[in-house]
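Reproduced below: run_10.cif, with mmCIF, C-alpha atoms.
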data_model
#
loop_
_atom_site.label_atom_id
_atom_site.label_comp_id
_atom_site.auth_asym_id
_atom_site.auth_seq_id
_atom_site.Cartn_x
_atom_site.Cartn_y
_atom_site.Cartn_z
CA MET E 657 -189.96 -79.38 8.96
CA VAL E 658 -187.98 -82.05 10.81
CA THR E 659 -186.83 -81.12 14.30
CA ASN E 660 -183.77 -82.38 16.12
CA ALA E 661 -182.68 -82.08 19.73
CA ALA E 662 -179.48 -84.11 19.98
CA SER E 663 -177.32 -82.16 17.56
CA PHE E 664 -175.08 -79.33 18.73
CA GLY E 665 -176.64 -76.55 16.69
CA ARG E 666 -180.25 -75.52 16.94
CA SER E 667 -180.94 -75.89 13.21
CA GLY E 668 -179.44 -77.20 10.01
CA VAL E 669 -178.03 -73.78 9.19
CA HIS E 670 -176.49 -73.47 12.65
CA ASP E 671 -174.85 -76.91 12.34
CA TYR E 672 -173.67 -76.05 8.82
CA ILE E 673 -171.96 -72.82 9.97
CA LEU E 674 -170.46 -74.41 13.10
CA LEU E 675 -169.07 -77.37 11.12
CA ARG E 676 -167.34 -75.12 8.62
CA ALA E 677 -166.09 -72.56 11.14
CA SER E 678 -164.65 -75.31 13.37
CA ALA E 679 -163.09 -76.98 10.31
CA VAL E 680 -161.28 -73.72 9.44
CA ILE E 681 -159.86 -73.49 12.98
CA LEU E 682 -158.78 -77.16 12.95
CA ALA E 683 -157.15 -76.70 9.53
CA CYS E 684 -155.29 -73.55 10.66
CA TYR E 685 -154.02 -75.29 13.79
CA THR E 686 -152.87 -78.35 11.85
CA ILE E 687 -151.12 -76.26 9.19
CA PHE E 688 -149.44 -74.13 11.87
CA LEU E 689 -148.21 -77.16 13.83
CA VAL E 690 -146.91 -78.97 10.73
CA GLY E 691 -145.24 -75.75 9.57
CA PHE E 692 -143.71 -75.18 13.00
CA ILE E 693 -142.34 -78.72 13.18
CA ALA E 694 -140.97 -78.46 9.62
CA CYS E 695 -139.27 -75.11 10.29
CA SER E 696 -137.91 -76.00 13.73
CA ALA E 697 -135.80 -79.02 12.80
CA PRO E 698 -134.17 -80.36 14.85
CA LEU E 699 -137.10 -80.05 17.22
CA THR E 700 -136.00 -80.21 20.85
CA PHE E 701 -138.02 -80.42 24.04
CA ASP E 702 -137.06 -76.84 24.93
CA ILE E 703 -138.41 -75.48 21.62
CA TRP E 704 -141.64 -77.51 21.97
CA ASN E 705 -142.00 -76.46 25.64
CA GLY E 706 -141.34 -72.85 24.71
CA LEU E 707 -144.04 -72.93 22.05
CA PHE E 708 -146.72 -74.20 24.42
CA SER E 709 -145.59 -71.91 27.25
CA SER E 710 -146.63 -68.81 25.34
CA LEU E 711 -150.12 -67.44 26.05
CA PRO E 712 -151.18 -67.08 22.37
CA MET E 713 -150.38 -70.76 21.73
CA LYS E 714 -152.31 -71.81 24.82
CA VAL E 715 -155.34 -69.82 23.70
CA PHE E 716 -155.01 -71.12 20.13
CA THR E 717 -154.88 -74.69 21.43
CA LEU E 718 -157.88 -74.11 23.69
CA ILE E 719 -159.92 -72.66 20.81
CA THR E 720 -158.92 -75.66 18.67
CA LEU E 721 -159.99 -78.11 21.37
CA VAL E 722 -163.40 -76.41 21.58
CA ALA E 723 -163.63 -76.47 17.77
CA LEU E 724 -162.80 -80.20 17.87
CA LEU E 725 -165.58 -80.80 20.39
CA ILE E 726 -168.16 -78.98 18.26
CA HIS E 727 -166.96 -80.59 15.01
CA ALA E 728 -166.98 -84.09 16.51
CA TRP E 729 -170.38 -83.58 18.18
CA ILE E 730 -172.11 -82.55 14.94
CA GLY E 731 -170.21 -85.07 12.80
CA VAL E 732 -170.94 -88.00 15.11
CA TRP E 733 -174.60 -86.96 15.36
CA GLN E 734 -174.86 -86.95 11.56
CA VAL E 735 -173.19 -90.36 11.21
CA LEU E 736 -175.26 -91.92 14.01
CA THR E 737 -178.57 -90.59 12.67
CA ASP E 738 -177.64 -92.10 9.31
CA TYR E 739 -176.60 -95.54 10.45
CA VAL E 740 -178.10 -96.27 13.88
CA LYS E 741 -181.88 -96.45 13.63
CA HIS E 742 -182.54 -97.77 17.13
CA THR E 743 -183.29 -94.60 19.12
CA ALA E 744 -182.12 -95.85 22.54
CA LEU E 745 -178.87 -97.26 21.13
CA ARG E 746 -178.25 -94.05 19.18
CA GLY E 747 -178.84 -92.01 22.34
CA VAL E 748 -176.36 -94.10 24.33
CA LEU E 749 -173.74 -93.91 21.56
CA GLN E 750 -174.24 -90.16 21.16
CA PHE E 751 -173.90 -89.69 24.93
CA THR E 752 -170.72 -91.82 24.99
CA PHE E 753 -169.09 -89.94 22.13
CA VAL E 754 -169.96 -86.55 23.61
CA VAL E 755 -168.55 -87.56 27.02
CA ILE E 756 -165.34 -88.73 25.30
CA ALA E 757 -165.14 -85.41 23.42
CA PHE E 758 -165.57 -83.48 26.69
CA ASN E 759 -162.82 -85.65 28.20
CA TYR E 760 -160.50 -84.59 25.39
CA LEU E 761 -161.38 -80.96 26.04
CA ALA E 762 -160.89 -81.20 29.81
CA SER E 763 -157.65 -83.16 29.46
CA GLY E 764 -156.37 -80.70 26.86
CA ILE E 765 -157.09 -77.71 29.10
CA VAL E 766 -155.33 -79.27 32.08
CA ILE E 767 -152.31 -80.37 30.01
CA VAL E 768 -151.87 -77.13 28.06
CA TRP E 769 -152.33 -74.84 31.07
CA GLY E 770 -149.95 -77.02 33.07
CA VAL E 771 -147.01 -76.30 30.73
CA MET X 1000 -172.67 -111.55 -30.44
CA LYS X 1001 -174.09 -113.34 -27.44
CA LEU X 1002 -174.66 -111.09 -24.43
CA THR X 1003 -175.21 -112.34 -20.91
CA PHE X 1004 -177.61 -110.62 -18.54
CA SER X 1005 -178.03 -111.16 -14.84
CA LEU X 1006 -181.43 -109.88 -13.75
CA TYR X 1007 -182.76 -109.29 -10.26
CA ARG X 1008 -185.84 -111.41 -9.74
CA TYR X 1009 -188.30 -111.24 -6.90
CA ASN X 1010 -191.97 -112.03 -6.84
CA PRO X 1011 -193.17 -111.65 -3.24
CA ASP X 1012 -196.16 -113.92 -3.96
CA VAL X 1013 -193.90 -116.84 -4.89
CA ASP X 1014 -190.29 -116.20 -3.79
CA THR X 1015 -189.11 -116.22 -0.20
CA LYS X 1016 -186.14 -114.02 -1.11
CA PRO X 1017 -184.72 -112.22 -4.16
CA TYR X 1018 -182.28 -113.96 -6.51
CA MET X 1019 -180.32 -113.20 -9.69
CA LYS X 1020 -181.26 -115.02 -12.88
CA ASP X 1021 -178.99 -115.28 -15.93
CA PHE X 1022 -180.28 -114.74 -19.48
CA THR X 1023 -178.50 -114.73 -22.81
CA LEU X 1024 -179.46 -112.66 -25.81
CA GLU X 1025 -178.17 -112.87 -29.36
CA VAL X 1026 -177.37 -109.42 -30.72
CA PRO X 1027 -176.34 -109.22 -34.41
CA ASP X 1028 -172.67 -108.22 -34.84
CA GLY X 1029 -172.17 -104.56 -35.62
CA SER X 1030 -175.58 -103.60 -34.26
CA ASP X 1031 -176.56 -102.01 -30.99
CA MET X 1032 -179.75 -101.64 -29.03
CA MET X 1033 -180.92 -100.00 -25.85
CA VAL X 1034 -181.11 -101.92 -22.57
CA LEU X 1035 -184.91 -101.49 -22.63
CA ASP X 1036 -185.11 -103.19 -26.05
CA ALA X 1037 -183.00 -106.02 -24.62
CA LEU X 1038 -185.32 -106.29 -21.60
CA ILE X 1039 -188.35 -106.48 -23.91
CA LYS X 1040 -186.64 -109.32 -25.83
CA LEU X 1041 -185.78 -111.06 -22.56
CA LYS X 1042 -189.42 -110.76 -21.50
CA GLU X 1043 -190.28 -112.77 -24.62
CA GLN X 1044 -188.02 -115.52 -23.19
CA ASP X 1045 -189.61 -115.22 -19.74
CA PRO X 1046 -192.99 -113.45 -19.71
CA THR X 1047 -192.98 -113.30 -15.88
CA LEU X 1048 -190.19 -110.68 -15.94
CA ALA X 1049 -191.57 -107.35 -14.66
CA PHE X 1050 -190.24 -103.86 -15.38
CA ARG X 1051 -191.70 -100.42 -16.02
CA ARG X 1052 -191.47 -98.58 -19.33
CA SER X 1053 -193.56 -96.14 -21.28
CA CYS X 1054 -192.20 -93.58 -23.75
CA ARG X 1055 -188.96 -95.53 -24.53
CA GLU X 1056 -187.15 -92.28 -25.39
CA GLY X 1057 -185.92 -90.83 -22.09
CA VAL X 1058 -188.83 -88.49 -21.47
CA CYS X 1059 -191.24 -90.25 -19.10
CA GLY X 1060 -188.69 -91.49 -16.55
CA SER X 1061 -190.45 -94.83 -16.00
CA ASP X 1062 -187.62 -97.25 -16.65
CA GLY X 1063 -184.98 -96.16 -14.15
CA VAL X 1064 -182.93 -99.20 -13.17
CA ASN X 1065 -179.49 -99.97 -11.81
CA MET X 1066 -177.22 -101.27 -14.58
CA ASN X 1067 -173.84 -102.70 -13.56
CA GLY X 1068 -173.95 -100.61 -10.39
CA LYS X 1069 -175.03 -97.31 -11.90
CA ASN X 1070 -178.55 -95.92 -12.06
CA GLY X 1071 -179.88 -94.84 -15.43
CA LEU X 1072 -182.75 -95.06 -17.88
CA ALA X 1073 -182.84 -98.40 -19.68
CA CYS X 1074 -184.36 -96.79 -22.80
CA ILE X 1075 -181.44 -94.45 -23.49
CA THR X 1076 -178.55 -96.64 -22.34
CA PRO X 1077 -177.02 -98.55 -25.28
CA LEU X 1078 -175.80 -102.10 -24.71
CA SER X 1079 -172.45 -101.01 -26.22
CA THR X 1080 -171.87 -99.01 -23.00
CA PHE X 1081 -171.00 -102.28 -21.28
CA LYS X 1082 -168.44 -103.36 -23.92
CA GLY X 1083 -169.65 -106.98 -24.13
CA LYS X 1084 -169.35 -107.61 -20.40
CA LYS X 1085 -172.07 -109.35 -18.41
CA ILE X 1086 -174.86 -106.86 -17.73
CA GLU X 1087 -176.30 -106.95 -14.25
CA ILE X 1088 -179.64 -105.19 -13.92
CA ARG X 1089 -181.16 -104.49 -10.54
CA PRO X 1090 -184.03 -102.30 -9.32
CA LEU X 1091 -183.26 -98.75 -8.15
CA PRO X 1092 -181.39 -99.12 -4.83
CA GLY X 1093 -182.90 -98.34 -1.44
CA MET X 1094 -186.55 -98.55 -2.49
CA PRO X 1095 -188.94 -101.39 -1.57
CA VAL X 1096 -189.25 -103.84 -4.47
CA VAL X 1097 -192.78 -104.48 -5.73
CA ARG X 1098 -191.65 -107.15 -8.18
CA ASP X 1099 -188.43 -107.79 -10.16
CA LEU X 1100 -187.25 -104.38 -11.44
CA VAL X 1101 -190.36 -102.50 -10.28
CA VAL X 1102 -189.89 -100.45 -7.11
CA ASP X 1103 -192.32 -98.66 -4.82
CA LEU X 1104 -191.62 -94.93 -5.17
CA THR X 1105 -194.17 -93.75 -2.58
CA GLN X 1106 -191.49 -92.23 -0.33
CA PHE X 1107 -189.92 -90.44 -3.31
CA TYR X 1108 -193.27 -88.86 -4.23
CA LYS X 1109 -194.01 -87.96 -0.60
CA GLN X 1110 -190.81 -85.93 -0.51
CA TYR X 1111 -191.77 -84.31 -3.83
CA GLU X 1112 -195.17 -83.41 -2.39
CA LYS X 1113 -193.49 -81.78 0.62
CA ILE X 1114 -191.81 -79.09 -1.48
CA LYS X 1115 -195.17 -77.94 -2.90
CA PRO X 1116 -194.27 -78.44 -6.56
CA TYR X 1117 -196.58 -75.80 -7.94
CA LEU X 1118 -196.49 -72.05 -8.39
CA ILE X 1119 -197.75 -70.09 -5.38
CA ASN X 1120 -198.69 -66.50 -6.07
CA ASP X 1121 -200.89 -64.56 -3.69
CA GLU X 1122 -200.87 -61.35 -5.71
CA LYS X 1123 -203.84 -60.19 -7.71
CA ALA X 1124 -204.14 -62.38 -10.79
CA PRO X 1125 -203.02 -60.60 -13.96
CA VAL X 1126 -205.51 -60.08 -16.78
CA ARG X 1127 -203.79 -62.55 -19.10
CA GLU X 1128 -200.68 -64.21 -17.64
CA HIS X 1129 -197.69 -63.77 -15.33
CA LEU X 1130 -194.91 -62.35 -17.46
CA GLN X 1131 -191.22 -63.17 -17.10
CA SER X 1132 -188.22 -61.50 -18.70
CA PRO X 1133 -185.93 -63.78 -20.72
CA GLU X 1134 -183.35 -63.44 -17.91
CA GLU X 1135 -185.86 -64.51 -15.25
CA ARG X 1136 -186.93 -67.43 -17.43
CA ALA X 1137 -183.30 -68.45 -17.93
CA HIS X 1138 -183.01 -69.15 -14.17
CA LEU X 1139 -185.28 -72.15 -14.67
CA ASP X 1140 -183.00 -73.79 -17.21
CA GLY X 1141 -181.32 -76.88 -15.83
CA LEU X 1142 -184.15 -77.27 -13.30
CA TYR X 1143 -187.46 -77.70 -15.10
CA GLU X 1144 -186.09 -80.52 -17.27
CA CYS X 1145 -186.17 -83.05 -14.40
CA ILE X 1146 -188.38 -86.02 -15.39
CA MET X 1147 -188.50 -87.51 -11.88
CA CYS X 1148 -187.06 -90.86 -12.85
CA ALA X 1149 -185.65 -91.17 -9.28
CA CYS X 1150 -182.21 -92.20 -10.56
CA CYS X 1151 -180.59 -89.40 -8.52
CA SER X 1152 -182.43 -89.82 -5.23
CA THR X 1153 -181.95 -93.59 -5.24
CA ALA X 1154 -178.20 -93.12 -5.85
CA CYS X 1155 -177.90 -90.86 -2.80
CA PRO X 1156 -176.77 -92.47 0.51
CA SER X 1157 -178.38 -89.62 2.48
CA PHE X 1158 -181.71 -90.53 0.86
CA TRP X 1159 -181.15 -94.24 1.51
CA TRP X 1160 -180.61 -93.66 5.25
CA ASN X 1161 -183.28 -90.97 5.77
CA PRO X 1162 -185.87 -91.22 2.97
CA ASP X 1163 -188.56 -89.90 5.32
CA LYS X 1164 -186.61 -86.78 6.37
CA PHE X 1165 -184.18 -85.82 3.60
CA ILE X 1166 -186.01 -84.40 0.57
CA GLY X 1167 -183.49 -85.93 -1.84
CA PRO X 1168 -181.76 -84.46 -4.90
CA SER X 1169 -184.77 -84.64 -7.22
CA GLY X 1170 -187.16 -82.98 -4.76
CA LEU X 1171 -184.60 -80.29 -3.93
CA LEU X 1172 -183.96 -79.58 -7.61
CA HIS X 1173 -187.69 -78.96 -7.96
CA ALA X 1174 -187.72 -76.93 -4.73
CA TYR X 1175 -185.07 -74.60 -6.14
CA ARG X 1176 -186.99 -74.39 -9.42
CA PHE X 1177 -189.85 -72.74 -7.50
CA LEU X 1178 -187.63 -70.76 -5.13
CA ILE X 1179 -185.92 -69.06 -8.06
CA ASP X 1180 -189.08 -68.56 -10.13
CA SER X 1181 -189.81 -64.81 -10.36
CA ARG X 1182 -193.55 -65.50 -10.42
CA ASP X 1183 -193.58 -67.39 -7.12
CA THR X 1184 -194.26 -65.32 -3.99
CA ALA X 1185 -193.90 -68.06 -1.35
CA THR X 1186 -190.08 -68.02 -1.14
CA GLU X 1187 -190.05 -67.34 2.61
CA GLU X 1188 -192.58 -70.08 3.39
CA ARG X 1189 -190.74 -72.54 1.18
CA LEU X 1190 -187.41 -71.79 2.89
CA SER X 1191 -189.01 -72.10 6.34
CA GLU X 1192 -190.22 -75.58 5.42
CA LEU X 1193 -186.70 -76.59 4.41
CA ASP X 1194 -184.91 -75.00 7.37
CA ASP X 1195 -184.03 -78.03 9.49
CA ALA X 1196 -181.11 -80.41 9.94
CA TYR X 1197 -182.38 -83.03 7.47
CA SER X 1198 -184.43 -81.68 4.56
CA VAL X 1199 -181.55 -79.92 2.80
CA PHE X 1200 -178.49 -80.18 5.03
CA ARG X 1201 -178.27 -83.97 4.82
CA CYS X 1202 -176.74 -83.39 1.40
CA HIS X 1203 -172.97 -83.63 1.83
CA GLY X 1204 -172.25 -82.87 -1.80
CA ILE X 1205 -170.91 -86.26 -2.90
CA MET X 1206 -172.50 -85.66 -6.32
CA ASN X 1207 -173.77 -89.19 -6.99
CA CYS X 1208 -176.92 -87.45 -8.26
CA VAL X 1209 -174.95 -85.48 -10.86
CA ASP X 1210 -173.10 -88.62 -11.92
CA VAL X 1211 -176.25 -90.60 -12.68
CA CYS X 1212 -178.75 -87.96 -13.92
CA PRO X 1213 -179.82 -89.15 -17.40
CA LYS X 1214 -180.81 -85.60 -18.32
CA GLY X 1215 -177.39 -84.16 -17.41
CA LEU X 1216 -178.79 -81.96 -14.61
CA ASN X 1217 -176.93 -80.81 -11.52
CA PRO X 1218 -178.99 -81.25 -8.32
CA THR X 1219 -175.91 -80.63 -6.13
CA LYS X 1220 -175.59 -77.12 -7.58
CA ALA X 1221 -179.28 -76.42 -6.94
CA ILE X 1222 -178.94 -77.72 -3.37
CA GLY X 1223 -175.92 -75.43 -2.91
CA HIS X 1224 -178.08 -72.48 -3.98
CA ILE X 1225 -180.79 -73.47 -1.47
CA LYS X 1226 -178.16 -73.71 1.29
CA SER X 1227 -176.93 -70.22 0.34
CA MET X 1228 -180.50 -68.86 0.48
CA LEU X 1229 -181.00 -70.43 3.92
CA LEU X 1230 -177.67 -69.02 5.11
CA LYS X 1231 -178.40 -65.50 3.83
CA ARG X 1232 -181.74 -65.64 5.57
CA ALA X 1233 -180.18 -66.77 8.87
CA VAL X 1234 -177.13 -64.51 9.21
#
Could you show the structure in this file as structure tokens?
Amino acid sequence: MVTNAASFGRSGVHDYILLRASAVILACYTIFLVGFIACSAPLTFDIWNGLFSSLPMKVFTLITLVALLIHAWIGVWQVLTDYVKHTALRGVLQFTFVVIAFNYLASGIVIVWGV
Amino acid sequence: MKLTFSLYRYNPDVDTKPYMKDFTLEVPDGSDMMVLDALIKLKEQDPTLAFRRSCREGVCGSDGVNMNGKNGLACITPLSTFKGKKIEIRPLPGMPVVRDLVVDLTQFYKQYEKIKPYLINDEKAPVREHLQSPEERAHLDGLYECIMCACCSTACPSFWWNPDKFIGPSGLLHAYRFLIDSRDTATEERLSELDDAYSVFRCHGIMNCVDVCPKGLNPTKAIGHIKSMLLKRAV
């Protein structure tokens, strides 16, 4: 058995489930937003502001941001372990990408809950 | 008809780096031959050309090579497949080259060894033999036929990048062959050995293995079954 410490999940199965579950959430959010924009033409600032002012939309967005963090973490780990063989460099890159992903999450929370 | 071949040449004792060498071969109009037959004729032109072959009928799996970018067995690939175009023959990708078209498959066999490719049964031995129903035996169809030519594993990017950690399509096809065998009692141990982030889950289902398998097998489907077994065991 091959062990791994830098991935998000604790095993291959865990990563596999998390990747797919987060992908479903991201797909639902994307479809909803595209559908909303298509059905709300002409889209004004008031409509957009109203959408993100509602609690369900804020929670949905927050869940999506967390899903994005998990999805990106596992995906980047898989790509880096494929292509970057130098352990120290891979560690630095993984750290950088994870920090960026957390930045997206933190920024998203502040922006969405500030509406 | 005059056919042009471009063959990968590398003799580590003489060459500092690999190079491609062009050959021409006269093939009578209206006739066809297999790539292996062409290679044997080209070896008459240049006896230093090295390649593996044995049964010359797609059973032993010795002559896996990369022909115009696609892995396959030279002995069952007709020259007519290439429609008169220049035929570029290279060794199986991703493996260390021993010489010319001969690659070192040690890593491939190490992964095969990992999956314990033999029946494990800790029950009391039957008087004559382990019996299987026709239905139980049918589960092995599409799995046992693998000849281990390595065409699939060497066409798989996941195996190229992690040949020491990812079992590869061929090894996993064999792993499923024993996981699904009604006579095998080591299912749990076998799954435990595969339950990590690399051994099985490095397969992203791009199906290169299915595309190149000279026996028409479907390793991706077998890997999907293993993933399902691991999932059922975990949730």
Please provide as a PDB file with C-alpha atoms, in the frame of the given file all residues within 6 Å of range 730-746 of chain E, with the sequence filter that same-chain residues fewer than 6 positions apart are discarded (counting all atoms listed in the file).
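Below you can see result-v9.pdb, which holds the result:
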ATOM      1  CA  SER E 663    -177.320 -82.160  17.560  1.00  0.00           C
ATOM      2  CA  PHE E 664    -175.080 -79.330  18.730  1.00  0.00           C
TER       3      PHE E 664
ATOM      4  CA  TRP X1160    -180.610 -93.660   5.250  1.00  0.00           C
TER       5      TRP X1160
END
Query raised in the report: What do you get, as a list in words, if you spell out every residue that the PyMOL selection byres ((chain E and resi 760-769) around 10) selects here?
Result: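 Given this file, the PyMOL selection byres ((chain E and resi 760-769) around 10) evaluates to Phe708, Ser709, Leu711, Met713, Lys714, Val715, Thr717, Leu718, Ile719, Thr720, Leu721, Val722, Ala723, Leu724, Leu725, Val754, Val755, Ile756, Ala757, Phe758, Asn759, Gly770 and Val771 of chain E.
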Query raised in the report: Quick one, how far is CA of Val1096 in chain X from CA of Pro1162 in chain X?
Result: 15.0 Å
Range 1126-1131 of chain X: axis-aligned bounding box, 8 Å on each side, centre and edge lengths in Å, one decimal, as lines of an AutoDock Vina configuration file:
center_x = -198.4
center_y = -62.1
center_z = -17.2
size_x = 30.3
size_y = 20.1
size_z = 19.8
Requested in this report: Name the residues that the PyMOL selection byres ((chain X) within 10 of (chain E)) picks from the file above, as a PyMOL selection string, using the file's chain letters and numbers.
Outcome: chain X and resi 1113+1156-1161+1163-1165+1191-1201+1226-1227+1229-1234
Report task. Translate the PyMOL selection byres ((chain X and resi 1148-1151) around 9), as applied to the file shown, into an explicit residue set as an NGL selection string. Result -> :X and (1059-1065 or 1069-1072 or 1091 or 1104 or 1107 or 1145-1147 or 1152-1155 or 1167-1169 or 1207-1213 or 1218)
For those residues, write C-alpha atoms to a file as a PDB file, in the frame of the given file.
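As written to disk, selection.pdb reads:
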ATOM      1  CA  CYS X1059    -191.240 -90.250 -19.100  1.00  0.00           C
ATOM      2  CA  GLY X1060    -188.690 -91.490 -16.550  1.00  0.00           C
ATOM      3  CA  SER X1061    -190.450 -94.830 -16.000  1.00  0.00           C
ATOM      4  CA  ASP X1062    -187.620 -97.250 -16.650  1.00  0.00           C
ATOM      5  CA  GLY X1063    -184.980 -96.160 -14.150  1.00  0.00           C
ATOM      6  CA  VAL X1064    -182.930 -99.200 -13.170  1.00  0.00           C
ATOM      7  CA  ASN X1065    -179.490 -99.970 -11.810  1.00  0.00           C
ATOM      8  CA  LYS X1069    -175.030 -97.310 -11.900  1.00  0.00           C
ATOM      9  CA  ASN X1070    -178.550 -95.920 -12.060  1.00  0.00           C
ATOM     10  CA  GLY X1071    -179.880 -94.840 -15.430  1.00  0.00           C
ATOM     11  CA  LEU X1072    -182.750 -95.060 -17.880  1.00  0.00           C
ATOM     12  CA  LEU X1091    -183.260 -98.750  -8.150  1.00  0.00           C
ATOM     13  CA  LEU X1104    -191.620 -94.930  -5.170  1.00  0.00           C
ATOM     14  CA  PHE X1107    -189.920 -90.440  -3.310  1.00  0.00           C
ATOM     15  CA  CYS X1145    -186.170 -83.050 -14.400  1.00  0.00           C
ATOM     16  CA  ILE X1146    -188.380 -86.020 -15.390  1.00  0.00           C
ATOM     17  CA  MET X1147    -188.500 -87.510 -11.880  1.00  0.00           C
ATOM     18  CA  SER X1152    -182.430 -89.820  -5.230  1.00  0.00           C
ATOM     19  CA  THR X1153    -181.950 -93.590  -5.240  1.00  0.00           C
ATOM     20  CA  ALA X1154    -178.200 -93.120  -5.850  1.00  0.00           C
ATOM     21  CA  CYS X1155    -177.900 -90.860  -2.800  1.00  0.00           C
ATOM     22  CA  GLY X1167    -183.490 -85.930  -1.840  1.00  0.00           C
ATOM     23  CA  PRO X1168    -181.760 -84.460  -4.900  1.00  0.00           C
ATOM     24  CA  SER X1169    -184.770 -84.640  -7.220  1.00  0.00           C
ATOM     25  CA  ASN X1207    -173.770 -89.190  -6.990  1.00  0.00           C
ATOM     26  CA  CYS X1208    -176.920 -87.450  -8.260  1.00  0.00           C
ATOM     27  CA  VAL X1209    -174.950 -85.480 -10.860  1.00  0.00           C
ATOM     28  CA  ASP X1210    -173.100 -88.620 -11.920  1.00  0.00           C
ATOM     29  CA  VAL X1211    -176.250 -90.600 -12.680  1.00  0.00           C
ATOM     30  CA  CYS X1212    -178.750 -87.960 -13.920  1.00  0.00           C
ATOM     31  CA  PRO X1213    -179.820 -89.150 -17.400  1.00  0.00           C
ATOM     32  CA  PRO X1218    -178.990 -81.250  -8.320  1.00  0.00           C
TER      33      PRO X1218
END
Report task. Record the distance separating CA of Gly691 in chain E and CA of His727 in chain E, expressed in Å with one decimal. Result ->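 Separation of CA of Gly691 in chain E and CA of His727 in chain E: 22.9 Å.
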Incomplete range 1141-1156 of chain X filled out to N, CA and C atoms as a compact mmCIF listing (two decimals), keeping the file's coordinate frame:
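File result.txt, as written:
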# COMPACT_ATOMS: atom_id res chain seq x y z
N GLY X 1141 -182.11 -75.95 -16.64
CA GLY X 1141 -181.32 -76.88 -15.83
C GLY X 1141 -182.09 -77.36 -14.61
N LEU X 1142 -183.32 -76.87 -14.45
CA LEU X 1142 -184.15 -77.27 -13.30
C LEU X 1142 -185.45 -77.91 -13.76
N TYR X 1143 -186.13 -77.22 -14.69
CA TYR X 1143 -187.46 -77.70 -15.10
C TYR X 1143 -187.38 -79.00 -15.89
N GLU X 1144 -186.20 -79.35 -16.40
CA GLU X 1144 -186.09 -80.52 -17.27
C GLU X 1144 -186.19 -81.85 -16.52
N CYS X 1145 -186.15 -81.80 -15.19
CA CYS X 1145 -186.17 -83.05 -14.40
C CYS X 1145 -187.44 -83.86 -14.73
N ILE X 1146 -187.24 -85.16 -15.02
CA ILE X 1146 -188.38 -86.02 -15.39
C ILE X 1146 -188.79 -86.94 -14.24
N MET X 1147 -188.16 -86.73 -13.08
CA MET X 1147 -188.50 -87.51 -11.88
C MET X 1147 -188.39 -89.03 -12.08
N CYS X 1148 -187.29 -89.42 -12.65
CA CYS X 1148 -187.06 -90.86 -12.85
C CYS X 1148 -186.56 -91.52 -11.57
N ALA X 1149 -186.14 -90.70 -10.60
CA ALA X 1149 -185.65 -91.17 -9.28
C ALA X 1149 -184.26 -91.78 -9.33
N CYS X 1150 -183.58 -91.67 -10.48
CA CYS X 1150 -182.21 -92.20 -10.56
C CYS X 1150 -181.30 -91.50 -9.55
N CYS X 1151 -181.48 -90.18 -9.40
CA CYS X 1151 -180.59 -89.40 -8.52
C CYS X 1151 -180.86 -89.71 -7.05
N SER X 1152 -182.12 -89.63 -6.64
CA SER X 1152 -182.43 -89.82 -5.23
C SER X 1152 -182.07 -91.23 -4.76
N THR X 1153 -182.26 -92.22 -5.64
CA THR X 1153 -181.95 -93.59 -5.24
C THR X 1153 -180.46 -93.92 -5.38
N ALA X 1154 -179.66 -92.93 -5.82
CA ALA X 1154 -178.20 -93.12 -5.85
C ALA X 1154 -177.56 -92.36 -4.68
N CYS X 1155 -178.40 -91.74 -3.86
CA CYS X 1155 -177.90 -90.86 -2.80
C CYS X 1155 -177.94 -91.56 -1.44
N PRO X 1156 -176.78 -91.79 -0.81
CA PRO X 1156 -176.77 -92.47 0.51
C PRO X 1156 -177.60 -91.71 1.55
